[in-house]
$ cat work-v9.cif   # mmCIF, C-alpha atoms
data_final
loop_
_atom_site.label_atom_id
_atom_site.label_comp_id
_atom_site.auth_asym_id
_atom_site.auth_seq_id
_atom_site.Cartn_x
_atom_site.Cartn_y
_atom_site.Cartn_z
CA MET A 1 209.42 48.71 -81.17
CA LYS A 2 207.07 47.64 -78.42
CA PRO A 3 208.01 48.39 -74.79
CA ILE A 4 208.66 45.30 -72.69
CA ALA A 5 208.49 44.38 -69.01
CA PHE A 6 205.55 46.64 -68.34
CA LEU A 7 204.15 45.10 -65.19
CA ILE A 8 204.98 42.19 -62.92
CA VAL A 9 202.09 40.92 -60.82
CA ALA A 10 202.17 38.20 -58.18
CA CYS A 11 198.98 36.95 -56.54
CA SER A 12 198.97 34.58 -53.61
CA ALA A 13 195.23 33.84 -53.57
CA SER A 14 193.44 31.25 -55.68
CA VAL A 15 189.79 31.33 -56.68
CA THR A 16 188.93 28.82 -53.95
CA ILE A 17 190.11 31.07 -51.11
CA PRO A 18 187.64 33.64 -49.75
CA ALA A 19 188.74 37.23 -50.45
CA TYR A 20 189.02 37.97 -46.73
CA ALA A 21 191.17 34.96 -45.82
CA GLY A 22 194.58 36.55 -46.13
CA ALA A 23 194.29 37.22 -49.86
CA SER A 24 197.17 39.37 -51.08
CA CYS A 25 198.53 40.92 -54.25
CA GLU A 26 201.77 42.60 -55.26
CA ALA A 27 202.21 44.71 -58.39
CA ASN A 28 205.43 46.34 -59.54
CA SER A 29 205.65 48.96 -62.27
CA GLY A 30 207.93 48.12 -65.17
CA VAL A 31 210.43 50.07 -67.25
CA ALA A 32 207.76 51.67 -69.45
CA THR A 33 205.59 54.58 -68.30
CA ALA A 34 202.02 53.56 -67.57
CA ALA A 35 199.12 55.72 -68.76
CA LEU A 36 197.05 56.97 -65.83
CA VAL A 37 193.66 57.76 -67.38
CA GLU A 38 191.44 59.88 -65.12
CA LEU A 39 187.81 60.41 -66.10
CA TYR A 40 185.81 63.07 -64.26
CA THR A 41 182.20 62.02 -64.51
CA SER A 42 178.79 62.18 -62.82
CA GLU A 43 175.59 60.15 -62.80
CA GLY A 44 173.74 63.47 -63.11
CA CYS A 45 175.34 64.20 -66.51
CA SER A 46 173.58 62.80 -69.60
CA SER A 47 176.74 62.97 -71.73
CA CYS A 48 178.82 60.95 -69.25
CA PRO A 49 177.67 57.33 -69.87
CA PRO A 50 179.51 57.08 -73.23
CA ALA A 51 182.70 58.27 -71.52
CA ASP A 52 182.19 55.76 -68.70
CA LYS A 53 181.88 53.03 -71.33
CA GLN A 54 185.01 54.25 -73.10
CA LEU A 55 186.99 53.98 -69.86
CA SER A 56 185.70 50.45 -69.23
CA GLN A 57 186.68 49.29 -72.71
CA LEU A 58 190.14 50.86 -72.94
CA LYS A 59 192.00 47.56 -72.66
CA GLN A 60 190.04 46.04 -75.53
CA GLN A 61 190.55 49.15 -77.66
CA VAL A 62 194.27 49.60 -77.09
CA GLY A 63 195.31 45.98 -76.72
CA ALA A 64 196.52 43.67 -73.99
CA ALA A 65 200.13 44.89 -74.25
CA ALA A 66 199.19 48.44 -73.26
CA VAL A 67 199.87 49.60 -69.70
CA ILE A 68 196.75 51.46 -68.57
CA VAL A 69 195.68 52.52 -65.08
CA PRO A 70 192.09 53.82 -65.33
CA LEU A 71 190.32 55.86 -62.64
CA ALA A 72 186.75 57.18 -62.67
CA LEU A 73 186.34 60.09 -60.26
CA HIS A 74 182.73 61.14 -59.69
CA VAL A 75 182.32 64.85 -59.00
CA SER A 76 179.68 66.39 -56.74
CA TYR A 77 178.82 69.64 -58.56
CA TRP A 78 176.05 67.92 -60.55
CA ASP A 79 174.25 66.74 -57.40
CA ALA A 80 172.18 69.91 -57.04
CA ILE A 81 170.13 69.43 -60.21
CA GLY A 82 168.06 66.44 -59.08
CA TRP A 83 170.21 63.34 -58.56
CA LYS A 84 172.87 62.87 -55.88
CA ASP A 85 175.64 60.69 -57.29
CA PRO A 86 176.35 58.00 -54.65
CA PHE A 87 180.02 57.82 -55.70
CA ALA A 88 180.74 61.56 -55.80
CA GLN A 89 183.24 63.22 -53.46
CA LYS A 90 184.13 66.90 -53.16
CA ALA A 91 187.78 65.87 -53.01
CA PHE A 92 187.46 64.84 -56.67
CA ASP A 93 186.06 68.28 -57.57
CA GLN A 94 189.23 69.73 -56.04
CA ARG A 95 191.48 67.25 -57.82
CA GLN A 96 189.92 68.14 -61.18
CA SER A 97 190.49 71.86 -60.57
CA GLN A 98 194.07 71.26 -59.42
CA LEU A 99 194.91 69.40 -62.63
CA LEU A 100 194.01 72.55 -64.56
CA ALA A 101 195.69 75.04 -62.20
CA ASN A 102 198.84 75.43 -64.31
CA ARG A 103 197.20 74.93 -67.69
CA LYS A 104 195.96 77.41 -70.29
CA ASN A 105 192.45 75.94 -70.15
CA ARG A 106 191.02 76.05 -66.62
CA ILE A 107 187.43 75.02 -67.37
CA VAL A 108 186.13 71.98 -65.49
CA TYR A 109 183.33 69.97 -67.05
CA THR A 110 182.05 66.43 -67.44
CA PRO A 111 182.99 64.16 -68.98
CA GLN A 112 186.60 65.32 -68.84
CA PHE A 113 189.57 63.04 -69.47
CA PHE A 114 193.15 63.50 -68.27
CA VAL A 115 196.02 61.23 -69.31
CA ASN A 116 199.08 61.43 -67.06
CA GLY A 117 197.90 64.77 -65.74
CA ASN A 118 197.12 66.40 -69.12
CA GLU A 119 193.62 67.10 -70.42
CA LEU A 120 192.62 65.14 -73.53
CA ARG A 121 189.63 66.75 -75.21
CA ALA A 122 189.62 64.48 -78.27
CA TRP A 123 189.24 61.35 -76.13
CA ARG A 124 186.84 59.67 -78.55
CA THR A 125 189.58 59.40 -81.18
CA ASP A 126 192.93 60.08 -79.51
CA LEU A 127 192.98 57.93 -76.36
CA PRO A 128 194.58 54.81 -77.93
CA ARG A 129 197.35 56.81 -79.64
CA THR A 130 198.03 58.91 -76.53
CA ILE A 131 198.33 55.79 -74.37
CA LYS A 132 200.73 54.11 -76.79
CA ASP A 133 202.92 57.23 -76.96
CA ILE A 134 203.15 57.34 -73.15
CA ASN A 135 203.94 53.62 -72.92
CA ALA A 136 206.86 54.11 -75.34
CA LYS A 137 208.66 56.30 -72.78
CA ALA A 138 210.95 54.94 -70.06
CA ALA A 139 209.75 55.66 -66.53
CA PRO A 140 211.92 57.76 -64.18
CA LEU A 141 210.94 55.75 -61.11
CA GLY A 142 209.47 52.47 -59.93
CA ILE A 143 206.45 51.80 -57.72
CA SER A 144 205.77 48.70 -55.64
CA LEU A 145 202.14 48.26 -54.58
CA LYS A 146 200.85 45.59 -52.20
CA THR A 147 197.40 44.79 -50.82
CA MET A 148 196.46 42.41 -48.02
CA SER A 149 193.08 41.44 -46.62
CA THR A 150 193.65 40.94 -42.90
CA ASP A 151 190.08 39.92 -42.02
CA ALA A 152 186.51 40.24 -43.26
CA ASN A 153 186.47 44.05 -43.29
CA GLN A 154 190.09 45.19 -43.06
CA PHE A 155 192.26 45.97 -46.07
CA VAL A 156 195.89 47.15 -46.01
CA ILE A 157 197.55 48.98 -48.90
CA THR A 158 201.33 49.48 -48.97
CA ALA A 159 203.08 51.57 -51.62
CA ASP A 160 206.80 52.27 -52.06
CA VAL A 161 208.46 54.55 -54.60
CA LYS A 162 212.06 54.24 -55.77
CA PRO A 163 213.37 57.04 -58.06
CA TYR A 164 215.95 56.03 -60.67
CA ALA A 165 217.69 59.43 -60.41
CA LYS A 166 218.26 62.02 -57.67
CA SER A 167 216.61 64.73 -59.74
CA VAL A 168 213.16 63.10 -59.64
CA SER A 169 210.65 65.00 -57.50
CA GLY A 170 206.93 64.74 -56.93
CA ALA A 171 204.33 63.18 -54.67
CA LEU A 172 202.80 59.75 -54.20
CA TYR A 173 199.04 59.21 -54.40
CA VAL A 174 197.11 56.01 -53.64
CA ALA A 175 193.52 55.19 -54.51
CA LEU A 176 191.15 52.29 -53.95
CA SER A 177 188.61 51.78 -56.73
CA GLU A 178 185.76 49.37 -57.38
CA SER A 179 184.49 47.86 -60.63
CA ALA A 180 181.28 46.12 -61.71
CA LEU A 181 179.09 48.72 -60.01
CA VAL A 182 175.45 49.09 -61.06
CA SER A 183 173.31 52.14 -60.29
CA HIS A 184 169.63 52.77 -61.06
CA VAL A 185 169.20 56.51 -61.56
CA LEU A 186 165.79 57.80 -60.52
CA ARG A 187 166.05 61.54 -61.19
CA GLY A 188 168.03 64.12 -63.14
CA GLU A 189 169.31 63.97 -66.71
CA ASN A 190 169.76 60.17 -66.60
CA SER A 191 166.39 59.47 -64.93
CA GLY A 192 165.25 55.90 -65.56
CA VAL A 193 168.65 54.74 -66.82
CA THR A 194 170.67 51.87 -65.31
CA LEU A 195 174.35 52.78 -65.30
CA GLN A 196 177.37 50.52 -65.00
CA HIS A 197 180.69 51.76 -63.63
CA ASP A 198 184.22 50.37 -63.54
CA ASP A 199 187.35 51.65 -61.75
CA THR A 200 185.25 54.00 -59.63
CA VAL A 201 187.37 55.62 -56.93
CA ARG A 202 186.15 54.87 -53.41
CA ALA A 203 189.08 56.13 -51.32
CA TRP A 204 191.91 58.58 -51.99
CA PHE A 205 195.17 59.13 -50.08
CA GLY A 206 197.99 61.60 -50.55
CA PRO A 207 199.93 63.52 -51.52
CA ILE A 208 202.98 62.01 -49.82
CA PRO A 209 206.06 64.01 -50.94
CA LEU A 210 209.04 62.15 -52.36
CA ARG A 211 212.08 62.57 -50.17
CA GLN A 212 215.61 61.48 -50.87
CA GLY A 213 215.25 57.76 -51.42
CA GLY A 214 211.58 57.82 -52.42
CA ALA A 215 208.28 57.61 -50.56
CA HIS A 216 206.32 55.10 -48.49
CA LEU A 217 202.68 54.75 -47.51
CA GLN A 218 200.88 52.06 -45.54
CA GLN A 219 197.14 52.57 -45.18
CA ARG A 220 194.64 50.38 -43.32
CA ILE A 221 191.07 50.65 -44.61
CA THR A 222 187.82 49.42 -43.10
CA ILE A 223 185.73 48.16 -46.01
CA PRO A 224 182.02 49.12 -45.86
CA ALA A 225 179.59 46.21 -46.25
CA GLU A 226 178.29 47.46 -49.61
CA TRP A 227 181.72 47.39 -51.26
CA LYS A 228 182.40 44.13 -53.14
CA ARG A 229 185.88 43.09 -52.09
CA GLN A 230 186.42 40.89 -55.16
CA HIS A 231 185.97 43.95 -57.40
CA LEU A 232 188.34 46.27 -55.52
CA GLN A 233 191.70 47.30 -56.91
CA ALA A 234 194.41 49.55 -55.53
CA VAL A 235 196.22 52.16 -57.61
CA ALA A 236 199.40 54.11 -56.88
CA PHE A 237 200.93 56.90 -58.94
CA VAL A 238 203.53 59.65 -58.66
CA GLN A 239 202.86 63.15 -59.94
CA ASP A 240 205.41 65.90 -60.60
CA ASP A 241 204.67 68.87 -58.33
CA ALA A 242 206.06 71.43 -60.77
CA ASN A 243 204.15 70.65 -63.96
CA GLY A 244 201.40 68.23 -62.91
CA ASN A 245 202.63 65.41 -65.14
CA VAL A 246 202.17 61.86 -63.85
CA LEU A 247 205.54 60.08 -63.87
CA GLN A 248 204.45 56.48 -63.25
CA ALA A 249 201.43 54.47 -62.13
CA VAL A 250 200.57 50.89 -61.19
CA SER A 251 197.42 48.91 -60.32
CA THR A 252 196.54 45.60 -58.67
CA ALA A 253 193.61 45.01 -61.07
CA GLN A 254 195.39 42.04 -62.66
CA CYS A 255 195.14 40.13 -59.38
CA ASN A 256 191.35 40.38 -59.50
CA GLN A 257 191.42 39.02 -63.05
CA THR A 258 193.55 36.09 -61.88
CA ARG A 259 191.08 35.22 -59.12
CA GLY A 260 188.25 35.09 -61.67
#
$ encode --input "work-v9.cif" --output "structure tokens"
Amino acid sequence: MKPIAFLIVACSASVTIPAYAGASCEANSGVATAALVELYTSEGCSSCPPADKQLSQLKQQVGAAAVIVPLALHVSYWDAIGWKDPFAQKAFDQRQSQLLANRKNRIVYTPQFFVNGNELRAWRTDLPRTIKDINAKAAPLGISLKTMSTDANQFVITADVKPYAKSVSGALYVALSESALVSHVLRGENSGVTLQHDDTVRAWFGPIPLRQGGAHLQQRITIPAEWKRQHLQAVAFVQDDANGNVLQAVSTAQCNQTRG
């Protein structure tokens, strides 16, 4: 039986309205648990481009009914061998290590996939099945995620979490990612290669602990000139503090698809 009511998205901007002219989006998580797919990658790693491609093509591989929230987090520990990844942040190195803190395997490497907080080594074959299994589970909480462009370089993200039971605990995280990125690598293991990236994390906020009644975050962001506003999407997810499992996630990517 297929899960229903995965995601409700409302977009108030049409393709004729500039992205900075008050464009807004609202996304609400549904009753099914979304699959948060985190890929830890680097432009300095020759084995990473196939994983980057896999992340970009997940929707086509799993099907339109699947609820997937992809994130590509570029790590910095490859930068020393000849090519500095322009999208890498040390905060993502720390995030990768934290995901393994309570696990039997604590080895960080690239490319490394996590689905709802759990490492998936057999990502080449098992990603579609893992995503479908997660989507078949009812979510313990709901997330409302809104974005608003207030002017040419200001972006506001608002996220609200509502637990369905008092026993739910964890923390809220919010990210802003960008797709359709192109990078020409000049040195390192991928020297001479042109790489394409989707869902690349640009900004990261949290954790915001869930209190009684949920959690709330409102974040104003100044968008650098080189970021393409039409390719930005916001993501919000809640992670269990005790075991590291992601409880629910939601993305505004569908609004970008609507704008065309």
$ closest_residue --input "work-v9.cif" --among "A:Gln98, A:Ser167, A:Gln248, A:Gln212" --to "Thr33 of chain A" --atoms "all atoms listed in the file"
A:Gln248
$ residues_around --input "work-v9.cif" --residues "Cys48 of chain A" --least-positions-apart "6" --cutoff "9 Å" --atoms "all atoms listed in the file" --output "ChimeraX atom specification"
/A:40-42,110-112
$ closest_residue --input "work-v9.cif" --among "A:Ala165, A:Val174, A:Cys45, A:Leu217" --to "Leu71 of chain A" --atoms "all atoms listed in the file"
A:Val174
$ atom_distance --input "work-v9.cif" --atom1 "atom CA of Leu99 of chain A" --atom2 "atom CA of Leu232 of chain A"
25.1 Å
$ resolve_selection --input "work-v9.cif" --expression "the PyMOL selection byres ((chain A and resi 200) around 12)" --output "ChimeraX atom specification"
/A:38-43,52,55-56,69-75,85-89,92,175-182,196-199,201-204,227,231-235
$ residues_around --input "work-v9.cif" --residues "Val62 of chain A" --least-positions-apart "6" --cutoff "9 Å" --atoms "all atoms listed in the file" --output "PyMOL selection string"
chain A and resi 127-129+131-132
$ atom_distance --input "work-v9.cif" --atom1 "atom CA of Gly206 of chain A" --atom2 "atom CA of Arg95 of chain A"
11.3 Å
$ closest_residue --input "work-v9.cif" --among "A:Val161, A:Ala23, A:Leu247, A:Leu186" --to "Pro209 of chain A" --atoms "only C-alpha atoms"
A:Val161
$ closest_residue --input "work-v9.cif" --among "A:Ser46, A:Ser29, A:Thr222, A:Ser251" --to "Val156 of chain A" --atoms "all atoms listed in the file"
A:Thr222
$ closest_residue --input "work-v9.cif" --among "A:Gly244, A:Lys146, A:Gly213, A:Pro207" --to "Asn28 of chain A" --atoms "all atoms listed in the file"
A:Lys146
$ atom_distance --input "work-v9.cif" --atom1 "atom CA of Lys166 of chain A" --atom2 "atom CA of Ala242 of chain A"
15.7 Å
$ closest_residue --input "work-v9.cif" --among "A:Asp133, A:Ala171, A:Asn153, A:Gly192" --to "Ile68 of chain A" --atoms "all atoms listed in the file"
A:Asp133
$ resolve_selection --input "work-v9.cif" --expression "the PyMOL selection byres ((chain A and resi 183) around 6)" --output "tab-separated table (two decimals) with C-alpha atoms, in the frame of the given file"
chain	number	residue	atom	x	y	z
A	182	VAL	CA	175.45	49.09	-61.06
A	184	HIS	CA	169.63	52.77	-61.06
A	194	THR	CA	170.67	51.87	-65.31
A	195	LEU	CA	174.35	52.78	-65.30
$ axis_aligned_box --input "work-v9.cif" --around "segment 212-216 of chain A" --padding-each-side "6 Å" --output "AutoDock Vina command-line options"
--center_x 211.0 --center_y 58.3 --center_z -50.5 --size_x 21.3 --size_y 18.4 --size_z 15.9
$ residues_near_point --input "work-v9.cif" --point "(203.9, 45.2, -55.5)" --cutoff "8 Å" --atoms "all atoms listed in the file" --output "MDAnalysis selection string"
chainID A and resid 9:10 25:29 143:146 159
$ resolve_selection --input "work-v9.cif" --expression "the PyMOL selection byres ((chain A and resi 77-83) around 6)" --output "list in words"
Gly44, Val75, Ser76, Lys84, Arg187 and Gly188 of chain A
$ residues_around --input "work-v9.cif" --residues "Lys162 of chain A" --least-positions-apart "6" --cutoff "6 Å" --atoms "only C-alpha atoms" --output "number ranges by chain"
A: 141-142, 214
$ residues_near_point --input "work-v9.cif" --point "(190.0, 52.2, -39.9)" --cutoff "12 Å" --atoms "only C-alpha atoms" --output "list in words"
Asn153, Gln154, Phe155, Val156, Gln219, Arg220, Ile221, Thr222, Ile223 and Pro224 of chain A
$ build_atoms --input "work-v9.cif" --residues "segment 122-158 of chain A" --atoms "N, CA and C atoms" --output "tab-separated table (two decimals), in the coordinates of the input"
chain	number	residue	atom	x	y	z
A	122	ALA	N	190.02	65.37	-77.18
A	122	ALA	CA	189.62	64.48	-78.27
A	122	ALA	C	189.71	63.02	-77.83
A	123	TRP	N	189.11	62.70	-76.69
A	123	TRP	CA	189.24	61.35	-76.13
A	123	TRP	C	188.56	60.29	-77.00
A	124	ARG	N	187.55	60.65	-77.72
A	124	ARG	CA	186.84	59.67	-78.55
A	124	ARG	C	187.74	59.08	-79.63
A	125	THR	N	188.69	59.86	-80.10
A	125	THR	CA	189.58	59.40	-81.18
A	125	THR	C	191.03	59.23	-80.77
A	126	ASP	N	191.49	60.00	-79.78
A	126	ASP	CA	192.93	60.08	-79.51
A	126	ASP	C	193.43	59.27	-78.31
A	127	LEU	N	192.54	58.66	-77.55
A	127	LEU	CA	192.98	57.93	-76.36
A	127	LEU	C	193.96	56.79	-76.69
A	128	PRO	N	193.64	55.92	-77.65
A	128	PRO	CA	194.58	54.81	-77.93
A	128	PRO	C	195.97	55.30	-78.32
A	129	ARG	N	196.05	56.30	-79.20
A	129	ARG	CA	197.35	56.81	-79.64
A	129	ARG	C	198.11	57.46	-78.49
A	130	THR	N	197.39	58.23	-77.66
A	130	THR	CA	198.03	58.91	-76.53
A	130	THR	C	198.61	57.89	-75.55
A	131	ILE	N	197.87	56.84	-75.29
A	131	ILE	CA	198.33	55.79	-74.37
A	131	ILE	C	199.58	55.11	-74.91
A	132	LYS	N	199.57	54.78	-76.19
A	132	LYS	CA	200.73	54.11	-76.79
A	132	LYS	C	201.97	55.01	-76.77
A	133	ASP	N	201.79	56.29	-77.00
A	133	ASP	CA	202.92	57.23	-76.96
A	133	ASP	C	203.53	57.30	-75.55
A	134	ILE	N	202.66	57.30	-74.54
A	134	ILE	CA	203.15	57.34	-73.15
A	134	ILE	C	203.88	56.05	-72.81
A	135	ASN	N	203.33	54.91	-73.22
A	135	ASN	CA	203.94	53.62	-72.92
A	135	ASN	C	205.32	53.47	-73.57
A	136	ALA	N	205.58	54.22	-74.63
A	136	ALA	CA	206.86	54.11	-75.34
A	136	ALA	C	207.99	54.82	-74.59
A	137	LYS	N	207.66	55.56	-73.53
A	137	LYS	CA	208.66	56.30	-72.78
A	137	LYS	C	209.13	55.51	-71.56
A	138	ALA	N	210.41	55.59	-71.26
A	138	ALA	CA	210.95	54.94	-70.06
A	138	ALA	C	210.54	55.72	-68.82
A	139	ALA	N	210.19	55.01	-67.77
A	139	ALA	CA	209.75	55.66	-66.53
A	139	ALA	C	210.95	56.11	-65.70
A	140	PRO	N	210.82	57.27	-65.00
A	140	PRO	CA	211.92	57.76	-64.18
A	140	PRO	C	211.96	57.18	-62.78
A	141	LEU	N	210.99	56.33	-62.46
A	141	LEU	CA	210.94	55.75	-61.11
A	141	LEU	C	210.12	54.46	-61.14
A	142	GLY	N	210.23	53.70	-60.06
A	142	GLY	CA	209.47	52.47	-59.93
A	142	GLY	C	208.55	52.53	-58.71
A	143	ILE	N	207.41	51.84	-58.82
A	143	ILE	CA	206.45	51.80	-57.72
A	143	ILE	C	206.13	50.35	-57.41
A	144	SER	N	206.20	50.01	-56.13
A	144	SER	CA	205.77	48.70	-55.64
A	144	SER	C	204.49	48.89	-54.86
A	145	LEU	N	203.45	48.11	-55.20
A	145	LEU	CA	202.14	48.26	-54.58
A	145	LEU	C	201.65	46.90	-54.09
A	146	LYS	N	201.31	46.85	-52.80
A	146	LYS	CA	200.85	45.59	-52.20
A	146	LYS	C	199.52	45.80	-51.51
A	147	THR	N	198.66	44.78	-51.57
A	147	THR	CA	197.40	44.79	-50.82
A	147	THR	C	197.29	43.49	-50.04
A	148	MET	N	196.66	43.59	-48.88
A	148	MET	CA	196.46	42.41	-48.02
A	148	MET	C	195.13	42.54	-47.31
A	149	SER	N	194.31	41.50	-47.38
A	149	SER	CA	193.08	41.44	-46.62
A	149	SER	C	193.39	40.76	-45.29
A	150	THR	N	193.29	41.49	-44.21
A	150	THR	CA	193.65	40.94	-42.90
A	150	THR	C	192.50	40.20	-42.24
A	151	ASP	N	191.27	40.63	-42.52
A	151	ASP	CA	190.08	39.92	-42.02
A	151	ASP	C	188.91	40.33	-42.90
A	152	ALA	N	187.69	40.06	-42.42
A	152	ALA	CA	186.51	40.24	-43.26
A	152	ALA	C	186.25	41.67	-43.67
A	153	ASN	N	186.75	42.66	-42.90
A	153	ASN	CA	186.47	44.05	-43.29
A	153	ASN	C	187.68	44.97	-43.20
A	154	GLN	N	188.87	44.39	-43.13
A	154	GLN	CA	190.09	45.19	-43.06
A	154	GLN	C	190.96	44.93	-44.29
A	155	PHE	N	191.48	46.02	-44.84
A	155	PHE	CA	192.26	45.97	-46.07
A	155	PHE	C	193.48	46.87	-45.87
A	156	VAL	N	194.67	46.38	-46.18
A	156	VAL	CA	195.89	47.15	-46.01
A	156	VAL	C	196.55	47.36	-47.36
A	157	ILE	N	196.85	48.62	-47.67
A	157	ILE	CA	197.55	48.98	-48.90
A	157	ILE	C	198.93	49.51	-48.52
A	158	THR	N	199.96	48.99	-49.18
A	158	THR	CA	201.33	49.48	-48.97
A	158	THR	C	201.93	49.88	-50.31
